[in-house]
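Participant: So I've got this file, protein25.pdb, and it contains PDB, C-alpha atoms:
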ATOM      1  CA  MET A   1     -41.892 -70.654  -8.041  1.00  0.00           C
ATOM      2  CA  ASN A   2     -40.915 -70.508 -11.659  1.00  0.00           C
ATOM      3  CA  HIS A   3     -37.567 -72.167 -10.910  1.00  0.00           C
ATOM      4  CA  ARG A   4     -39.127 -75.172  -9.148  1.00  0.00           C
ATOM      5  CA  LEU A   5     -41.351 -76.809 -11.700  1.00  0.00           C
ATOM      6  CA  PRO A   6     -43.107 -80.090 -10.812  1.00  0.00           C
ATOM      7  CA  CYS A   7     -42.875 -83.114 -13.059  1.00  0.00           C
ATOM      8  CA  LYS A   8     -45.191 -83.564 -16.002  1.00  0.00           C
ATOM      9  CA  SER A   9     -42.783 -85.436 -18.283  1.00  0.00           C
ATOM     10  CA  LEU A  10     -39.190 -86.588 -18.577  1.00  0.00           C
ATOM     11  CA  GLY A  11     -38.327 -82.991 -19.423  1.00  0.00           C
ATOM     12  CA  SER A  12     -39.849 -81.827 -16.183  1.00  0.00           C
ATOM     13  CA  LEU A  13     -38.042 -84.583 -14.291  1.00  0.00           C
ATOM     14  CA  LEU A  14     -34.804 -83.193 -15.707  1.00  0.00           C
ATOM     15  CA  ILE A  15     -35.657 -79.830 -14.143  1.00  0.00           C
ATOM     16  CA  ILE A  16     -35.944 -81.404 -10.709  1.00  0.00           C
ATOM     17  CA  VAL A  17     -32.695 -83.347 -11.136  1.00  0.00           C
ATOM     18  CA  LEU A  18     -30.843 -80.215 -12.231  1.00  0.00           C
ATOM     19  CA  SER A  19     -32.278 -78.265  -9.304  1.00  0.00           C
ATOM     20  CA  LEU A  20     -31.207 -80.902  -6.809  1.00  0.00           C
ATOM     21  CA  THR A  21     -27.699 -81.041  -8.247  1.00  0.00           C
ATOM     22  CA  GLY A  22     -27.251 -77.271  -8.121  1.00  0.00           C
ATOM     23  CA  CYS A  23     -27.313 -76.585 -11.880  1.00  0.00           C
ATOM     24  CA  THR A  24     -29.607 -73.611 -11.383  1.00  0.00           C
ATOM     25  CA  GLU A  25     -28.706 -71.699 -14.535  1.00  0.00           C
ATOM     26  CA  LEU A  26     -29.409 -74.752 -16.684  1.00  0.00           C
ATOM     27  CA  THR A  27     -32.665 -75.206 -14.803  1.00  0.00           C
ATOM     28  CA  TYR A  28     -33.777 -71.635 -15.568  1.00  0.00           C
ATOM     29  CA  GLN A  29     -32.838 -72.015 -19.220  1.00  0.00           C
ATOM     30  CA  ARG A  30     -34.830 -75.227 -19.478  1.00  0.00           C
ATOM     31  CA  MET A  31     -37.820 -73.596 -17.835  1.00  0.00           C
ATOM     32  CA  ASN A  32     -37.731 -70.704 -20.291  1.00  0.00           C
ATOM     33  CA  ASP A  33     -37.862 -73.102 -23.233  1.00  0.00           C
ATOM     34  CA  PRO A  34     -40.694 -71.972 -25.550  1.00  0.00           C
ATOM     35  CA  SER A  35     -42.008 -75.554 -25.590  1.00  0.00           C
ATOM     36  CA  ARG A  36     -43.395 -74.844 -22.112  1.00  0.00           C
ATOM     37  CA  ASP A  37     -45.930 -72.545 -23.730  1.00  0.00           C
ATOM     38  CA  VAL A  38     -47.897 -75.546 -25.002  1.00  0.00           C
ATOM     39  CA  TRP A  39     -49.128 -76.612 -21.569  1.00  0.00           C
ATOM     40  CA  GLN A  40     -48.490 -73.494 -19.444  1.00  0.00           C
ATOM     41  CA  LYS A  41     -50.584 -71.256 -21.744  1.00  0.00           C
ATOM     42  CA  PRO A  42     -48.957 -68.005 -20.588  1.00  0.00           C
ATOM     43  CA  GLN A  43     -50.972 -65.754 -22.865  1.00  0.00           C
ATOM     44  CA  GLY A  44     -54.208 -67.221 -21.566  1.00  0.00           C
ATOM     45  CA  VAL A  45     -53.044 -66.852 -17.967  1.00  0.00           C
ATOM     46  CA  VAL A  46     -51.909 -63.246 -18.373  1.00  0.00           C
ATOM     47  CA  GLY A  47     -55.074 -62.428 -20.278  1.00  0.00           C
ATOM     48  CA  LYS A  48     -57.191 -63.475 -17.293  1.00  0.00           C
ATOM     49  CA  LEU A  49     -55.232 -61.067 -15.095  1.00  0.00           C
ATOM     50  CA  SER A  50     -56.727 -58.071 -16.953  1.00  0.00           C
ATOM     51  CA  ILE A  51     -53.624 -55.966 -16.355  1.00  0.00           C
ATOM     52  CA  ALA A  52     -54.068 -52.295 -17.200  1.00  0.00           C
ATOM     53  CA  PRO A  53     -51.208 -50.529 -19.033  1.00  0.00           C
ATOM     54  CA  GLY A  54     -49.073 -48.633 -16.560  1.00  0.00           C
ATOM     55  CA  SER A  55     -49.663 -51.122 -13.744  1.00  0.00           C
ATOM     56  CA  ARG A  56     -47.112 -52.109 -11.115  1.00  0.00           C
ATOM     57  CA  VAL A  57     -46.801 -55.902 -10.936  1.00  0.00           C
ATOM     58  CA  ALA A  58     -44.662 -58.188  -8.768  1.00  0.00           C
ATOM     59  CA  ASP A  59     -43.685 -61.550 -10.256  1.00  0.00           C
ATOM     60  CA  LEU A  60     -43.165 -63.372  -6.977  1.00  0.00           C
ATOM     61  CA  GLY A  61     -40.649 -66.194  -7.340  1.00  0.00           C
ATOM     62  CA  SER A  62     -39.780 -65.124 -10.861  1.00  0.00           C
ATOM     63  CA  GLY A  63     -36.996 -67.666 -11.331  1.00  0.00           C
ATOM     64  CA  GLY A  64     -35.517 -67.235 -14.804  1.00  0.00           C
ATOM     65  CA  GLY A  65     -38.341 -64.913 -15.798  1.00  0.00           C
ATOM     66  CA  TYR A  66     -40.679 -67.156 -17.752  1.00  0.00           C
ATOM     67  CA  PHE A  67     -43.749 -65.104 -16.822  1.00  0.00           C
ATOM     68  CA  THR A  68     -41.821 -61.873 -16.228  1.00  0.00           C
ATOM     69  CA  TRP A  69     -41.550 -61.082 -19.915  1.00  0.00           C
ATOM     70  CA  HIS A  70     -45.229 -61.763 -20.568  1.00  0.00           C
ATOM     71  CA  LEU A  71     -46.129 -59.483 -17.678  1.00  0.00           C
ATOM     72  CA  SER A  72     -43.730 -56.869 -19.019  1.00  0.00           C
ATOM     73  CA  LYS A  73     -45.682 -56.719 -22.280  1.00  0.00           C
ATOM     74  CA  ALA A  74     -48.967 -56.425 -20.390  1.00  0.00           C
ATOM     75  CA  VAL A  75     -47.935 -53.431 -18.240  1.00  0.00           C
ATOM     76  CA  GLY A  76     -46.414 -51.590 -21.195  1.00  0.00           C
ATOM     77  CA  SER A  77     -43.705 -48.957 -21.249  1.00  0.00           C
ATOM     78  CA  ARG A  78     -45.326 -46.900 -18.466  1.00  0.00           C
ATOM     79  CA  GLY A  79     -45.635 -49.872 -16.121  1.00  0.00           C
ATOM     80  CA  THR A  80     -43.173 -51.826 -14.021  1.00  0.00           C
ATOM     81  CA  VAL A  81     -42.660 -55.511 -13.323  1.00  0.00           C
ATOM     82  CA  TYR A  82     -40.655 -56.382 -10.223  1.00  0.00           C
ATOM     83  CA  ALA A  83     -39.014 -59.770 -10.799  1.00  0.00           C
ATOM     84  CA  VAL A  84     -38.782 -61.001  -7.224  1.00  0.00           C
ATOM     85  CA  ASP A  85     -36.701 -63.998  -6.171  1.00  0.00           C
ATOM     86  CA  ILE A  86     -34.625 -65.108  -3.199  1.00  0.00           C
ATOM     87  CA  GLU A  87     -31.939 -66.729  -5.375  1.00  0.00           C
ATOM     88  CA  GLU A  88     -29.034 -64.611  -6.599  1.00  0.00           C
ATOM     89  CA  SER A  89     -28.655 -66.834  -9.669  1.00  0.00           C
ATOM     90  CA  ALA A  90     -32.241 -66.010 -10.675  1.00  0.00           C
ATOM     91  CA  ILE A  91     -31.644 -62.280 -10.255  1.00  0.00           C
ATOM     92  CA  ASN A  92     -28.474 -62.500 -12.349  1.00  0.00           C
ATOM     93  CA  MET A  93     -30.315 -64.258 -15.145  1.00  0.00           C
ATOM     94  CA  ILE A  94     -33.054 -61.610 -15.101  1.00  0.00           C
ATOM     95  CA  PHE A  95     -30.406 -58.904 -15.476  1.00  0.00           C
ATOM     96  CA  LYS A  96     -28.905 -60.698 -18.480  1.00  0.00           C
ATOM     97  CA  GLU A  97     -32.295 -61.162 -20.112  1.00  0.00           C
ATOM     98  CA  MET A  98     -33.190 -57.514 -19.505  1.00  0.00           C
ATOM     99  CA  VAL A  99     -30.178 -56.446 -21.527  1.00  0.00           C
ATOM    100  CA  ALA A 100     -30.815 -59.002 -24.263  1.00  0.00           C
ATOM    101  CA  ARG A 101     -34.518 -58.185 -24.581  1.00  0.00           C
ATOM    102  CA  GLY A 102     -34.326 -54.449 -23.989  1.00  0.00           C
ATOM    103  CA  THR A 103     -37.013 -54.336 -21.296  1.00  0.00           C
ATOM    104  CA  PRO A 104     -36.402 -51.291 -19.069  1.00  0.00           C
ATOM    105  CA  ASN A 105     -39.754 -51.784 -17.353  1.00  0.00           C
ATOM    106  CA  VAL A 106     -38.448 -54.905 -15.543  1.00  0.00           C
ATOM    107  CA  ARG A 107     -36.637 -54.471 -12.219  1.00  0.00           C
ATOM    108  CA  PRO A 108     -35.061 -57.457 -10.434  1.00  0.00           C
ATOM    109  CA  VAL A 109     -35.570 -57.588  -6.660  1.00  0.00           C
ATOM    110  CA  ARG A 110     -33.539 -59.860  -4.381  1.00  0.00           C
ATOM    111  CA  ALA A 111     -36.019 -60.894  -1.715  1.00  0.00           C
ATOM    112  CA  GLU A 112     -35.858 -62.643   1.635  1.00  0.00           C
ATOM    113  CA  PRO A 113     -37.922 -65.776   2.392  1.00  0.00           C
ATOM    114  CA  HIS A 114     -40.136 -63.748   4.734  1.00  0.00           C
ATOM    115  CA  ASP A 115     -40.128 -60.430   2.834  1.00  0.00           C
ATOM    116  CA  PRO A 116     -40.499 -59.688  -0.927  1.00  0.00           C
ATOM    117  CA  LYS A 117     -38.596 -56.390  -0.446  1.00  0.00           C
ATOM    118  CA  LEU A 118     -40.875 -54.546  -2.866  1.00  0.00           C
ATOM    119  CA  PRO A 119     -39.778 -50.910  -3.230  1.00  0.00           C
ATOM    120  CA  GLU A 120     -43.353 -49.645  -3.651  1.00  0.00           C
ATOM    121  CA  PRO A 121     -46.946 -50.912  -3.407  1.00  0.00           C
ATOM    122  CA  VAL A 122     -48.130 -52.788  -6.475  1.00  0.00           C
ATOM    123  CA  ASP A 123     -51.418 -53.405  -8.262  1.00  0.00           C
ATOM    124  CA  LEU A 124     -50.856 -57.144  -8.623  1.00  0.00           C
ATOM    125  CA  VAL A 125     -48.743 -59.842  -7.026  1.00  0.00           C
ATOM    126  CA  PHE A 126     -48.477 -62.836  -9.356  1.00  0.00           C
ATOM    127  CA  SER A 127     -47.003 -66.199  -8.392  1.00  0.00           C
ATOM    128  CA  CYS A 128     -46.604 -69.365 -10.420  1.00  0.00           C
ATOM    129  CA  ASN A 129     -45.305 -72.599  -8.863  1.00  0.00           C
ATOM    130  CA  VAL A 130     -44.141 -70.849  -5.697  1.00  0.00           C
ATOM    131  CA  TYR A 131     -46.952 -71.215  -3.169  1.00  0.00           C
ATOM    132  CA  HIS A 132     -46.111 -74.828  -2.300  1.00  0.00           C
ATOM    133  CA  ASP A 133     -42.509 -73.857  -1.486  1.00  0.00           C
ATOM    134  CA  MET A 134     -43.382 -71.091   0.967  1.00  0.00           C
ATOM    135  CA  ASN A 135     -43.197 -71.346   4.746  1.00  0.00           C
ATOM    136  CA  ASN A 136     -45.613 -69.558   7.089  1.00  0.00           C
ATOM    137  CA  ARG A 137     -47.841 -68.673   4.161  1.00  0.00           C
ATOM    138  CA  ILE A 138     -50.627 -67.098   6.194  1.00  0.00           C
ATOM    139  CA  ASP A 139     -48.219 -64.737   7.945  1.00  0.00           C
ATOM    140  CA  TYR A 140     -46.427 -63.991   4.672  1.00  0.00           C
ATOM    141  CA  PHE A 141     -49.540 -62.930   2.786  1.00  0.00           C
ATOM    142  CA  ARG A 142     -50.988 -61.114   5.770  1.00  0.00           C
ATOM    143  CA  SER A 143     -47.825 -58.976   5.787  1.00  0.00           C
ATOM    144  CA  LEU A 144     -47.858 -58.683   1.988  1.00  0.00           C
ATOM    145  CA  ALA A 145     -51.190 -56.840   2.130  1.00  0.00           C
ATOM    146  CA  SER A 146     -49.306 -53.641   3.017  1.00  0.00           C
ATOM    147  CA  SER A 147     -47.527 -53.876  -0.347  1.00  0.00           C
ATOM    148  CA  LEU A 148     -50.781 -53.757  -2.320  1.00  0.00           C
ATOM    149  CA  ARG A 149     -52.232 -50.584  -3.742  1.00  0.00           C
ATOM    150  CA  PRO A 150     -55.930 -49.873  -3.158  1.00  0.00           C
ATOM    151  CA  GLY A 151     -57.787 -52.468  -5.200  1.00  0.00           C
ATOM    152  CA  GLY A 152     -54.635 -54.574  -5.466  1.00  0.00           C
ATOM    153  CA  ARG A 153     -54.844 -58.286  -6.150  1.00  0.00           C
ATOM    154  CA  VAL A 154     -52.883 -61.485  -5.539  1.00  0.00           C
ATOM    155  CA  ALA A 155     -52.885 -64.195  -8.222  1.00  0.00           C
ATOM    156  CA  ILE A 156     -51.789 -67.715  -7.285  1.00  0.00           C
ATOM    157  CA  LEU A 157     -51.144 -70.423  -9.869  1.00  0.00           C
ATOM    158  CA  ASP A 158     -50.105 -73.761  -8.385  1.00  0.00           C
ATOM    159  CA  TYR A 159     -50.363 -77.474  -9.088  1.00  0.00           C
ATOM    160  CA  HIS A 160     -53.269 -79.738  -8.299  1.00  0.00           C
ATOM    161  CA  PRO A 161     -52.185 -82.602  -5.998  1.00  0.00           C
ATOM    162  CA  ARG A 162     -52.092 -85.173  -8.765  1.00  0.00           C
ATOM    163  CA  GLY A 163     -49.459 -87.638  -9.889  1.00  0.00           C
ATOM    164  CA  PHE A 164     -46.852 -89.733  -8.112  1.00  0.00           C
ATOM    165  CA  LEU A 165     -43.821 -87.475  -8.610  1.00  0.00           C
ATOM    166  CA  SER A 166     -45.808 -84.354  -7.825  1.00  0.00           C
ATOM    167  CA  GLY A 167     -46.716 -85.814  -4.454  1.00  0.00           C
ATOM    168  CA  MET A 168     -43.289 -87.268  -3.788  1.00  0.00           C
ATOM    169  CA  PHE A 169     -41.524 -83.937  -4.242  1.00  0.00           C
ATOM    170  CA  GLY A 170     -44.271 -81.897  -2.571  1.00  0.00           C
ATOM    171  CA  HIS A 171     -44.754 -79.711  -5.630  1.00  0.00           C
ATOM    172  CA  ARG A 172     -48.464 -79.113  -5.219  1.00  0.00           C
ATOM    173  CA  THR A 173     -51.078 -77.484  -3.026  1.00  0.00           C
ATOM    174  CA  ALA A 174     -54.785 -78.197  -3.158  1.00  0.00           C
ATOM    175  CA  LYS A 175     -56.925 -75.339  -4.393  1.00  0.00           C
ATOM    176  CA  GLU A 176     -59.058 -75.493  -1.265  1.00  0.00           C
ATOM    177  CA  GLU A 177     -55.984 -75.225   0.936  1.00  0.00           C
ATOM    178  CA  VAL A 178     -54.798 -72.107  -0.888  1.00  0.00           C
ATOM    179  CA  ARG A 179     -58.225 -70.543  -0.530  1.00  0.00           C
ATOM    180  CA  ARG A 180     -58.499 -71.404   3.164  1.00  0.00           C
ATOM    181  CA  GLU A 181     -55.060 -69.972   3.947  1.00  0.00           C
ATOM    182  CA  MET A 182     -55.609 -66.805   1.937  1.00  0.00           C
ATOM    183  CA  GLU A 183     -58.894 -66.189   3.728  1.00  0.00           C
ATOM    184  CA  ALA A 184     -57.097 -66.674   7.049  1.00  0.00           C
ATOM    185  CA  ALA A 185     -54.530 -64.097   5.885  1.00  0.00           C
ATOM    186  CA  GLY A 186     -57.284 -61.532   5.292  1.00  0.00           C
ATOM    187  CA  TYR A 187     -58.169 -61.991   1.613  1.00  0.00           C
ATOM    188  CA  ARG A 188     -61.292 -62.902  -0.315  1.00  0.00           C
ATOM    189  CA  LEU A 189     -61.583 -64.826  -3.554  1.00  0.00           C
ATOM    190  CA  LEU A 190     -62.250 -62.744  -6.661  1.00  0.00           C
ATOM    191  CA  ASP A 191     -61.850 -65.254  -9.488  1.00  0.00           C
ATOM    192  CA  ASP A 192     -61.197 -68.943 -10.002  1.00  0.00           C
ATOM    193  CA  TYR A 193     -60.022 -69.995 -13.469  1.00  0.00           C
ATOM    194  CA  ASP A 194     -59.335 -73.273 -15.280  1.00  0.00           C
ATOM    195  CA  VAL A 195     -56.755 -72.187 -17.834  1.00  0.00           C
ATOM    196  CA  VAL A 196     -54.037 -74.808 -17.304  1.00  0.00           C
ATOM    197  CA  ASP A 197     -55.144 -78.436 -16.984  1.00  0.00           C
ATOM    198  CA  SER A 198     -52.644 -79.354 -14.264  1.00  0.00           C
ATOM    199  CA  GLN A 199     -52.884 -76.142 -12.237  1.00  0.00           C
ATOM    200  CA  HIS A 200     -55.475 -74.180 -10.320  1.00  0.00           C
ATOM    201  CA  PHE A 201     -55.516 -70.422 -10.780  1.00  0.00           C
ATOM    202  CA  GLN A 202     -57.108 -68.141  -8.197  1.00  0.00           C
ATOM    203  CA  ILE A 203     -57.132 -64.380  -7.751  1.00  0.00           C
ATOM    204  CA  PHE A 204     -57.637 -62.719  -4.370  1.00  0.00           C
ATOM    205  CA  ALA A 205     -58.148 -59.219  -2.971  1.00  0.00           C
ATOM    206  CA  LYS A 206     -57.970 -57.880   0.550  1.00  0.00           C
ATOM    207  CA  ALA A 207     -61.202 -58.638   2.390  1.00  0.00           C
ATOM    208  CA  ASP A 208     -63.420 -55.720   3.306  1.00  0.00           C
ATOM    209  CA  ARG A 209     -63.153 -54.847   6.951  1.00  0.00           C
TER     210      ARG A 209
END
Reformat the file's structure so that it appears as structure tokens.

Facilitator:
Amino acid sequence: MNHRLPCKSLGSLLIIVLSLTGCTELTYQRMNDPSRDVWQKPQGVVGKLSIAPGSRVADLGSGGGYFTWHLSKAVGSRGTVYAVDIEESAINMIFKEMVARGTPNVRPVRAEPHDPKLPEPVDLVFSCNVYHDMNNRIDYFRSLASSLRPGGRVAILDYHPRGFLSGMFGHRTAKEEVRREMEAAGYRLLDDYDVVDSQHFQIFAKADR
């Protein structure tokens, strides 16, 4: 989830401290700091998604919208990005940024932990730093399949289980575990990328029946 970023440095540790103390708006602002681009490589990540102009994309666990705005550029004026989050503070920040940036193709969606509440099927569900925070993941993604258009995909970017603080706070999921659970939910692996050193990046589609 974009608003729950694991530690990589003292700056990342600050994010966790702010999250635990309830300073969510400050957390989102820190996560949207352009300095994150150095290691997160958002342009490289979005480039691998091969998003066609006019696509419908869900940014699942959008947080303060770090990836939302990159996805917004990719879908273009005829597309739509649904910024999906369960936290009201995240949705409020997305609204503010929409006005400031002038991005009418972004639509905030207040979700439930078990339901993304998408108003229409989408071509792509993208998630960054959210998979490790989800409960009942197999059931969740099995249900999510009904929100995918024909040929729709699910992209999951999450942390490798490396580092003391990453393990201590549970902010990681092994790539093999993600793949095993997604297959159990009815998906097949399409692509496996190494764009970000600290994260694995896999793209799935519904398995052929």

Participant: From the list A:Pro42, A:Gly47, A:Gly151, A:Pro108, which residue is nearest Glu88 in chain A when using only C-alpha atoms?

Facilitator: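 The closest residue to Glu88 in chain A is A:Pro108.
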
Participant: If you measure from CA of His132 in chain A to CA of His200 in chain A, what distance in Å do you get, rounded to one decimal?

Facilitator: 12.3 Å

Participant: Might you spell out which residues the PyMOL selection byres ((chain A and resi 71) around 12) would select in the displayed file, as a count of residues only?

Facilitator: 44

Participant: Hey, can you check how far CA of Met98 in chain A sits from CA of Asp158 in chain A?

Facilitator: 26.0 Å

Participant: For Ala185 in chain A, which residue out of A:Tyr159, A:Tyr140, A:Phe95, A:Tyr131 is the nearest one, using only C-alpha atoms?

Facilitator: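 Smallest distance to Ala185 in chain A is found for A:Tyr140.
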
Participant: Expand the PyMOL selection byres ((chain A and resi 160) around 7) into the explicit residue set it covers here, and present it as a list in words.

Facilitator: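 When the PyMOL selection byres ((chain A and resi 160) around 7) is applied to the shown file, the picked residues are Asp158, Tyr159, Pro161, Arg162, Arg172, Thr173, Ala174, Lys175, Ser198, Gln199 and His200 of chain A.
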
Participant: So, with all atoms listed in the file as the atoms that count, which of A:Val99, A:Cys128, A:Val178, A:Leu118 lies closest to Phe204 in chain A?

Facilitator: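 Of A:Val99, A:Cys128, A:Val178, A:Leu118, the one nearest Phe204 in chain A is A:Val178, counting all atoms listed in the file.
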
Participant: Counting all atoms listed in the file, which residues have an atom no more than 6 Å from (-58.9, -63.5, 1.4) in the file's coordinates? Please list them as a list in words.

Facilitator: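 Here is the list of nearby residues: Met182, Glu183, Gly186, Tyr187, Arg188, Leu189, Phe204, Lys206 and Ala207 of chain A.
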
Participant: Between A:Asp139, A:Ala205, A:Asp194, A:Arg149, which has the minimum distance to Glu181 in chain A (counting all atoms listed in the file)?

Facilitator: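 Between A:Asp139, A:Ala205, A:Asp194, A:Arg149, the residue approaching Glu181 in chain A most closely is A:Asp139.
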
Participant: Could you tell me how far CA of Glu87 in chain A sits from CA of Asp33 in chain A, in Å to one decimal place?

Facilitator: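 Atom-to-atom, CA of Asp33 in chain A to CA of Glu87 in chain A, that is 19.9 Å.
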